[in-house]
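K.L.:
Let me give you the structure first, and then I'll get to my questions.
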Number of protein chains: 2
Amino acid sequence: MASEANCLPANVRRGFYETVFRRRDIRRFLPNPIPDEVLARVLVAAHHAGSVGFTQPWNFLMVKDLDRRHRIKRVFEEERVINAAQFDQTRCAEFMALKLEGMLEAPLNLIVTCERERFGPGVLGKTALEDVEIYSTCLAVQNLWLAARAEGLGVGWVSILRNEAIRDVFQIPEAILPVAYLCIGYVESFPPRPMLEDVGWAKRLSPRALLRFDSWENESGDGAELSRLVEDASIWREVFPAEQWPSERLPQDHHENQEK
Amino acid sequence: MASEANCLPANVRRGFYETVFRRRDIRRFLPNPIPDEVLARVLVAAHHAGSVGFTQPWNFLMVKDLDRRHRIKRVFEEERVINAAQFDQTRCAEFMALKLEGMLEAPLNLIVTCERERFGPGVLGKTALEDVEIYSTCLAVQNLWLAARAEGLGVGWVSILRNEAIRDVFQIPEAILPVAYLCIGYVESFPPRPMLEDVGWAKRLSPRALLRFDSWENESGDGAELSRLVEDASIWREVFPAEQWPSERLPQDHHENQEK
């Protein structure tokens with residue numbers, strides 16, 4: 001069919017989906033250094049995200065300096081106590097037991113920033129929606145995260161921080177917004193499921209429950225086939241042949257479906 | 001080396017990088033319908049993005065209804081005039097000549113939204129940084145965009161809109177933020193370079209110029225090897241064997257470098 005002519009071959013799609021499903025938010029790192037060549041590929045992949053008006057509003061601040069990492073870790077510790085106070089007693093104890101960053105162990109910290117006025121105030125694609133360049137920067141973060149996974153590198157996004165503190169420690173000007181503070185490094189292993197799912201903090205939501213059709217209140221799409229298919233393992237048969245279908249390569253919920 | 005044991009095989013990495021470098025922001029679509037099975041894979045990939053505190057704050061609103069698409073296109077037309085007024089005369093004429101959406105031609109419009117209080121106000125990983133769930137939603141958008149490209153589907157993000165109008169047309173409640181209004185469909189072809197680069201609206205920035213080291217003002221990293229490597233085509237040799245190195249598969253700027 002003409003319309004499907006641009007579909008990438010099954011082995012390419014498999015490579016893409018494997019990377020997506022095996023990506024994790026990582027908090028434990030090995031000290032091994034990251035070869036510059038590997039890091040360069042990851043950064044170039046990040047730089048090839050889409051951006052509003054092709055503004056490419058991101059920068060990548062590589063942090064190895066230990067003194068600065070100690071200073072930012074103290075900010076994390078302060079904010080973690082504030083974060084903990086949001087939860088009731090049981091959940092608070094669970095929260096405090098979690099390892100939520102690896103700033104000092106990881107060989108590299110990386111701050112992805114957004115320069116909102118990179119091409120002056122007039123931006124193609126920017127009118128009433130104010131935050132479009134920030135959204136673009138997040139797209140670059142996801143490219144970076146996936147590329148790192150493909151290269152065997154774990155990434156952890158540390159959001160328990162304050163932007164004014166990040167600006168202060170790394171001399172980032174007011175016009176630049178720190179969007180993502182990432183820890184990056186090799187890992188002992190990538191867990192088969194997200195850490196917060198494993199410890200019982202939160203569950204993977206059913207994809208079916210996230211769909212809406214034409215208007216917000218229409219959740220079923222009048223029995224749309226799509227609602228069934230997002231929870232049906234058979235949709236992966238075309239991409240992953242049976243012999244390449246180990247559980248950790250596929251979304252857990254679908255795999256469980258398949259076993260039933 | 002133990003640390004590299006988790007690196008995905010070269011063919012898997014190739015699949016991932018090909019998808020990244022061949023993704024485009026698309027504004028022209030074929031009318032051919034998208035099979036539910038293909039769309040289901042794309043949505044499941046989106047749902048497997050990382051999210052702060054594993055909140056998975058996203059929903060996916062599928063829009064086929066033509067009446068609603070006509071109404072939202074009128075909003076786009078209003079906002080486009082406002083956007084055009086930001087530019088001087090020459091640039092304004094260039095802007096008005098660009099095709100910036102495909103809302104009616106594409107077989108599907110898809111709104112990705114963010115429910116910021118999905119798990120109550122207390123969220124693991126959310127303290128001083130207010131927008132973390134919105135950032136997570138953008139990560140899901142990038143997964144969706146890449147998965148669509150792997151499946152041969154073009155995606156165009158239309159940001160020349162107003163959120164109150166999107167809420168009104170699709171009955172989206174106040175507590176839900178529309179983050180991305182996407183047009184999705186098969187395409188005649190994926191252009192080798194971004195449309196805005198092709199028409200001369202903006203240039204791809206040099207990745208080297210985007211790097212910073214330990215503090216914002218340190219742009220060179222004292223001659224860091226990394227600065228050289230992000231513009232050196234040889235970093236791709238390990239991933240793309242020479243015979244699989246056609247220009248359109250690699251970042252354009254690097255390919256040009258290689259030809260020198």
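Residue numbering restarts at 1 in every chain; chains get A, B, ... in the order shown in the structure tokens, and ligands count up from 1 in that same order.
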Considering only C-alpha atoms, return as number ranges by chain whatever protein or nucleic-acid residues lie within 12 Å of Leu161 (chain A), sequence-local ones (same chain, fewer than 4 positions apart) excluded.

P.N.:
A: 71-83, 100-101, 157, 165-167, 169, 178-182; B: 125-130, 132

K.L.:
Given only C-alpha atoms, how would the per-residue table for region 172-210 of chain A near region 39-49 of chain B read, listing every residue at most 10 Å away with its closest atom pair and distance in Å to one decimal, sorted by chain and number, as a tab-separated table?

P.N.:
```
residue	atom	partner	partner_atom	distance
A:Arg204	CA	B:His48	CA	9.1
A:Leu205	CA	B:His47	CA	8.8
A:Ser206	CA	B:His47	CA	9.3
A:Pro207	CA	B:Val44	CA	6.9
A:Arg208	CA	B:Val44	CA	9.5
A:Leu210	CA	B:His47	CA	9.0
```

K.L.:
Kindly give the distance, in Å, that separates CA of Val20 (chain B) and CA of Glu4 (chain B), rounded to a single decimal.

P.N.:
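Result for CA of Val20 (chain B) versus CA of Glu4 (chain B): 22.0 Å, one decimal.
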
K.L.:
Quick one: residues within 10 Å of region 64-67 of chain B, only C-alpha atoms, excluding same-chain residues fewer than 4 positions away - as a list in words?

P.N.:
Phe213, Asp214 and Ser215 of chain A; Arg71, Ile72, Lys73, Met103, Leu104, Ala106, Pro107, Leu108, Asn109, Leu110 and Val169 of chain B

K.L.:
Quick check for you: according to DSSP on this backbone, which residues of region 179-229 of chain A are classed as strand (DSSP E or B)? Reply as a list in words.

P.N.:
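Filtering region 179-229 of chain A down to strand (DSSP E or B) leaves Val179, Ala180, Tyr181, Leu182, Cys183, Ile184, Gly185, Tyr186, Leu211, Arg212, Phe213 and Ser215 of chain A.
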
K.L.:
Generate the output file for the selected residues, all heavy atoms, as an mmCIF file, in the first residue's frame.

P.N.:
```
data_model
loop_
_atom_site.group_PDB
_atom_site.id
_atom_site.type_symbol
_atom_site.label_atom_id
_atom_site.label_comp_id
_atom_site.auth_asym_id
_atom_site.auth_seq_id
_atom_site.Cartn_x
_atom_site.Cartn_y
_atom_site.Cartn_z
ATOM 1 N N VAL A 179 15.832 23.017 32.669
ATOM 2 C CA VAL A 179 14.639 22.178 32.506
ATOM 3 C C VAL A 179 14.851 20.800 33.149
ATOM 4 O O VAL A 179 13.996 20.309 33.871
ATOM 5 C CB VAL A 179 14.256 22.036 31.014
ATOM 6 C CG1 VAL A 179 13.173 20.989 30.819
ATOM 7 C CG2 VAL A 179 13.782 23.386 30.475
ATOM 8 N N ALA A 180 15.983 20.185 32.877
ATOM 9 C CA ALA A 180 16.202 18.819 33.376
ATOM 10 C C ALA A 180 17.593 18.685 33.993
ATOM 11 O O ALA A 180 18.592 19.007 33.354
ATOM 12 C CB ALA A 180 16.035 17.808 32.241
ATOM 13 N N TYR A 181 17.638 18.211 35.241
ATOM 14 C CA TYR A 181 18.913 17.880 35.878
ATOM 15 C C TYR A 181 19.045 16.354 35.833
ATOM 16 O O TYR A 181 18.290 15.633 36.487
ATOM 17 C CB TYR A 181 18.964 18.391 37.321
ATOM 18 C CG TYR A 181 20.365 18.342 37.879
ATOM 19 C CD1 TYR A 181 21.139 19.497 37.974
ATOM 20 C CD2 TYR A 181 20.945 17.130 38.266
ATOM 21 C CE1 TYR A 181 22.448 19.463 38.444
ATOM 22 C CE2 TYR A 181 22.251 17.072 38.727
ATOM 23 C CZ TYR A 181 23.001 18.243 38.822
ATOM 24 O OH TYR A 181 24.301 18.203 39.276
ATOM 25 N N LEU A 182 19.997 15.874 35.027
ATOM 26 C CA LEU A 182 20.110 14.437 34.781
ATOM 27 C C LEU A 182 21.404 13.866 35.351
ATOM 28 O O LEU A 182 22.451 14.522 35.303
ATOM 29 C CB LEU A 182 20.085 14.166 33.269
ATOM 30 C CG LEU A 182 18.922 14.793 32.479
ATOM 31 C CD1 LEU A 182 19.134 14.595 30.981
ATOM 32 C CD2 LEU A 182 17.587 14.206 32.923
ATOM 33 N N CYS A 183 21.343 12.663 35.903
ATOM 34 C CA CYS A 183 22.538 11.889 36.245
ATOM 35 C C CYS A 183 22.686 10.799 35.182
ATOM 36 O O CYS A 183 21.699 10.155 34.822
ATOM 37 C CB CYS A 183 22.396 11.234 37.612
ATOM 38 S SG CYS A 183 22.074 12.411 38.937
ATOM 39 N N ILE A 184 23.905 10.613 34.699
ATOM 40 C CA ILE A 184 24.129 9.656 33.607
ATOM 41 C C ILE A 184 25.328 8.766 33.898
ATOM 42 O O ILE A 184 26.376 9.262 34.336
ATOM 43 C CB ILE A 184 24.374 10.390 32.264
ATOM 44 C CG1 ILE A 184 23.243 11.385 31.995
ATOM 45 C CG2 ILE A 184 24.507 9.407 31.109
ATOM 46 C CD1 ILE A 184 23.298 11.994 30.620
ATOM 47 N N GLY A 185 25.172 7.475 33.632
ATOM 48 C CA GLY A 185 26.307 6.579 33.789
ATOM 49 C C GLY A 185 25.927 5.142 33.456
ATOM 50 O O GLY A 185 24.748 4.832 33.268
ATOM 51 N N TYR A 186 26.931 4.294 33.382
ATOM 52 C CA TYR A 186 26.664 2.872 33.183
ATOM 53 C C TYR A 186 26.035 2.293 34.451
ATOM 54 O O TYR A 186 26.127 2.891 35.540
ATOM 55 C CB TYR A 186 27.957 2.143 32.819
ATOM 56 C CG TYR A 186 28.436 2.496 31.425
ATOM 57 C CD1 TYR A 186 29.517 3.358 31.238
ATOM 58 C CD2 TYR A 186 27.785 2.002 30.303
ATOM 59 C CE1 TYR A 186 29.947 3.702 29.964
ATOM 60 C CE2 TYR A 186 28.210 2.337 29.021
ATOM 61 C CZ TYR A 186 29.288 3.187 28.859
ATOM 62 O OH TYR A 186 29.695 3.529 27.599
ATOM 63 N N LEU A 211 -7.561 6.745 26.947
ATOM 64 C CA LEU A 211 -8.046 7.174 25.631
ATOM 65 C C LEU A 211 -9.340 7.975 25.756
ATOM 66 O O LEU A 211 -10.172 7.723 26.623
ATOM 67 C CB LEU A 211 -8.273 5.957 24.737
ATOM 68 C CG LEU A 211 -7.081 5.015 24.527
ATOM 69 C CD1 LEU A 211 -7.438 3.940 23.505
ATOM 70 C CD2 LEU A 211 -5.838 5.774 24.092
ATOM 71 N N ARG A 212 -9.489 8.964 24.876
ATOM 72 C CA ARG A 212 -10.724 9.722 24.739
ATOM 73 C C ARG A 212 -11.018 9.832 23.245
ATOM 74 O O ARG A 212 -10.091 9.789 22.433
ATOM 75 C CB ARG A 212 -10.571 11.128 25.334
ATOM 76 C CG ARG A 212 -10.286 11.176 26.822
ATOM 77 C CD ARG A 212 -11.501 10.777 27.633
ATOM 78 N NE ARG A 212 -11.305 10.939 29.073
ATOM 79 C CZ ARG A 212 -10.691 10.057 29.848
ATOM 80 N NH1 ARG A 212 -10.199 8.945 29.328
ATOM 81 N NH2 ARG A 212 -10.589 10.275 31.142
ATOM 82 N N PHE A 213 -12.297 10.020 22.908
ATOM 83 C CA PHE A 213 -12.671 10.025 21.487
ATOM 84 C C PHE A 213 -13.518 11.251 21.148
ATOM 85 O O PHE A 213 -14.636 11.390 21.652
ATOM 86 C CB PHE A 213 -13.410 8.738 21.141
ATOM 87 C CG PHE A 213 -12.551 7.506 21.307
ATOM 88 C CD1 PHE A 213 -12.442 6.873 22.539
ATOM 89 C CD2 PHE A 213 -11.800 7.013 20.237
ATOM 90 C CE1 PHE A 213 -11.628 5.755 22.705
ATOM 91 C CE2 PHE A 213 -10.989 5.895 20.408
ATOM 92 C CZ PHE A 213 -10.898 5.262 21.640
ATOM 93 N N SER A 215 -14.429 13.930 22.085
ATOM 94 C CA SER A 215 -14.584 14.902 23.159
ATOM 95 C C SER A 215 -14.215 14.206 24.462
ATOM 96 O O SER A 215 -14.238 12.972 24.560
ATOM 97 C CB SER A 215 -16.000 15.474 23.187
ATOM 98 O OG SER A 215 -16.831 14.669 23.976
#
```

K.L.:
DSSP says alpha helix (DSSP H) for which residues of region 7-181 of chain B? Put them as a PDB file with C-alpha atoms, in the first residue's frame?

P.N.:
```
ATOM      1  CA  ALA B  10      24.505  -2.426  16.909  1.00  0.00           C
ATOM      2  CA  ASN B  11      21.449  -3.343  14.799  1.00  0.00           C
ATOM      3  CA  VAL B  12      19.084  -2.290  17.595  1.00  0.00           C
ATOM      4  CA  ARG B  13      20.932   1.001  18.064  1.00  0.00           C
ATOM      5  CA  ARG B  14      20.835   1.556  14.315  1.00  0.00           C
ATOM      6  CA  GLY B  15      17.065   1.100  14.387  1.00  0.00           C
ATOM      7  CA  PHE B  16      16.746   3.641  17.147  1.00  0.00           C
ATOM      8  CA  TYR B  17      19.036   6.269  15.581  1.00  0.00           C
ATOM      9  CA  GLU B  18      17.466   5.874  12.140  1.00  0.00           C
ATOM     10  CA  THR B  19      14.081   6.596  13.653  1.00  0.00           C
ATOM     11  CA  VAL B  20      15.442   9.694  15.417  1.00  0.00           C
ATOM     12  CA  PHE B  21      17.194  11.145  12.365  1.00  0.00           C
ATOM     13  CA  ARG B  22      14.358  10.456   9.921  1.00  0.00           C
ATOM     14  CA  ASP B  36      -5.966   0.591  14.614  1.00  0.00           C
ATOM     15  CA  GLU B  37      -3.182  -1.905  15.226  1.00  0.00           C
ATOM     16  CA  VAL B  38      -0.523   0.582  14.097  1.00  0.00           C
ATOM     17  CA  LEU B  39      -2.045   3.403  16.133  1.00  0.00           C
ATOM     18  CA  ALA B  40      -2.221   1.106  19.166  1.00  0.00           C
ATOM     19  CA  ARG B  41       1.548   0.464  18.985  1.00  0.00           C
ATOM     20  CA  VAL B  42       2.222   4.185  18.726  1.00  0.00           C
ATOM     21  CA  LEU B  43       0.036   4.928  21.767  1.00  0.00           C
ATOM     22  CA  VAL B  44       1.583   2.163  23.866  1.00  0.00           C
ATOM     23  CA  ALA B  45       5.061   3.549  23.052  1.00  0.00           C
ATOM     24  CA  ALA B  46       3.881   7.009  24.160  1.00  0.00           C
ATOM     25  CA  HIS B  47       2.534   5.533  27.400  1.00  0.00           C
ATOM     26  CA  LEU B  66     -14.870  16.857  11.037  1.00  0.00           C
ATOM     27  CA  ASP B  67     -17.099  19.514  12.541  1.00  0.00           C
ATOM     28  CA  ARG B  68     -14.807  19.899  15.542  1.00  0.00           C
ATOM     29  CA  ARG B  69     -11.763  19.952  13.256  1.00  0.00           C
ATOM     30  CA  HIS B  70     -13.311  22.788  11.229  1.00  0.00           C
ATOM     31  CA  ARG B  71     -13.929  24.721  14.438  1.00  0.00           C
ATOM     32  CA  ILE B  72     -10.355  24.290  15.688  1.00  0.00           C
ATOM     33  CA  LYS B  73      -8.960  25.183  12.285  1.00  0.00           C
ATOM     34  CA  ARG B  74     -10.737  28.555  12.516  1.00  0.00           C
ATOM     35  CA  VAL B  75      -8.921  29.132  15.820  1.00  0.00           C
ATOM     36  CA  PHE B  76      -5.648  28.305  14.075  1.00  0.00           C
ATOM     37  CA  GLU B  77      -6.411  30.837  11.325  1.00  0.00           C
ATOM     38  CA  GLU B  78      -7.058  33.571  13.915  1.00  0.00           C
ATOM     39  CA  GLU B  79      -3.859  32.804  15.802  1.00  0.00           C
ATOM     40  CA  ARG B  80      -1.821  32.573  12.618  1.00  0.00           C
ATOM     41  CA  VAL B  81      -2.606  36.229  11.849  1.00  0.00           C
ATOM     42  CA  ILE B  82      -1.438  37.167  15.346  1.00  0.00           C
ATOM     43  CA  ASN B  83       1.715  35.101  14.873  1.00  0.00           C
ATOM     44  CA  ALA B  84       2.404  36.743  11.494  1.00  0.00           C
ATOM     45  CA  GLN B  89       7.290  42.515   6.130  1.00  0.00           C
ATOM     46  CA  THR B  90       9.550  40.071   4.239  1.00  0.00           C
ATOM     47  CA  ARG B  91       9.501  37.450   6.955  1.00  0.00           C
ATOM     48  CA  CYS B  92       5.743  37.910   7.405  1.00  0.00           C
ATOM     49  CA  ALA B  93       5.148  37.150   3.713  1.00  0.00           C
ATOM     50  CA  GLU B  94       7.400  34.075   3.976  1.00  0.00           C
ATOM     51  CA  PHE B  95       5.495  32.988   7.073  1.00  0.00           C
ATOM     52  CA  MET B  96       2.071  33.340   5.471  1.00  0.00           C
ATOM     53  CA  ALA B  97       3.228  31.220   2.509  1.00  0.00           C
ATOM     54  CA  VAL B 132       7.227  18.551  36.169  1.00  0.00           C
ATOM     55  CA  GLU B 133       4.085  16.688  35.056  1.00  0.00           C
ATOM     56  CA  ILE B 134       3.915  18.856  31.944  1.00  0.00           C
ATOM     57  CA  TYR B 135       7.524  17.952  31.198  1.00  0.00           C
ATOM     58  CA  SER B 136       6.604  14.266  31.561  1.00  0.00           C
ATOM     59  CA  THR B 137       3.756  14.709  29.091  1.00  0.00           C
ATOM     60  CA  CYS B 138       6.182  16.129  26.535  1.00  0.00           C
ATOM     61  CA  LEU B 139       8.356  13.021  26.928  1.00  0.00           C
ATOM     62  CA  ALA B 140       5.311  10.946  25.961  1.00  0.00           C
ATOM     63  CA  VAL B 141       4.800  13.181  22.916  1.00  0.00           C
ATOM     64  CA  GLN B 142       8.352  12.524  21.731  1.00  0.00           C
ATOM     65  CA  ASN B 143       7.916   8.752  22.151  1.00  0.00           C
ATOM     66  CA  LEU B 144       4.696   9.010  20.161  1.00  0.00           C
ATOM     67  CA  TRP B 145       6.345  11.089  17.436  1.00  0.00           C
ATOM     68  CA  LEU B 146       9.247   8.657  17.039  1.00  0.00           C
ATOM     69  CA  ALA B 147       7.018   5.569  17.100  1.00  0.00           C
ATOM     70  CA  ALA B 148       4.831   7.144  14.420  1.00  0.00           C
ATOM     71  CA  ARG B 149       7.912   7.761  12.253  1.00  0.00           C
ATOM     72  CA  ALA B 150       9.003   4.153  12.664  1.00  0.00           C
ATOM     73  CA  ASN B 163      -5.894  26.415  25.132  1.00  0.00           C
ATOM     74  CA  GLU B 164      -9.266  27.885  26.103  1.00  0.00           C
ATOM     75  CA  ALA B 165     -10.446  27.277  22.526  1.00  0.00           C
ATOM     76  CA  ILE B 166      -9.163  23.682  22.556  1.00  0.00           C
ATOM     77  CA  ARG B 167     -10.953  23.130  25.895  1.00  0.00           C
ATOM     78  CA  ASP B 168     -14.143  24.599  24.482  1.00  0.00           C
ATOM     79  CA  VAL B 169     -14.222  22.593  21.243  1.00  0.00           C
ATOM     80  CA  PHE B 170     -13.364  19.262  22.876  1.00  0.00           C
TER      81      PHE B 170
END
```

K.L.:
Rank B:Lys203, B:Arg23, B:Arg28, B:Arg237 by their smallest atom-to-atom distance to Phe119 (chain A), using only C-alpha atoms, and report the top residue only.

P.N.:
B:Lys203
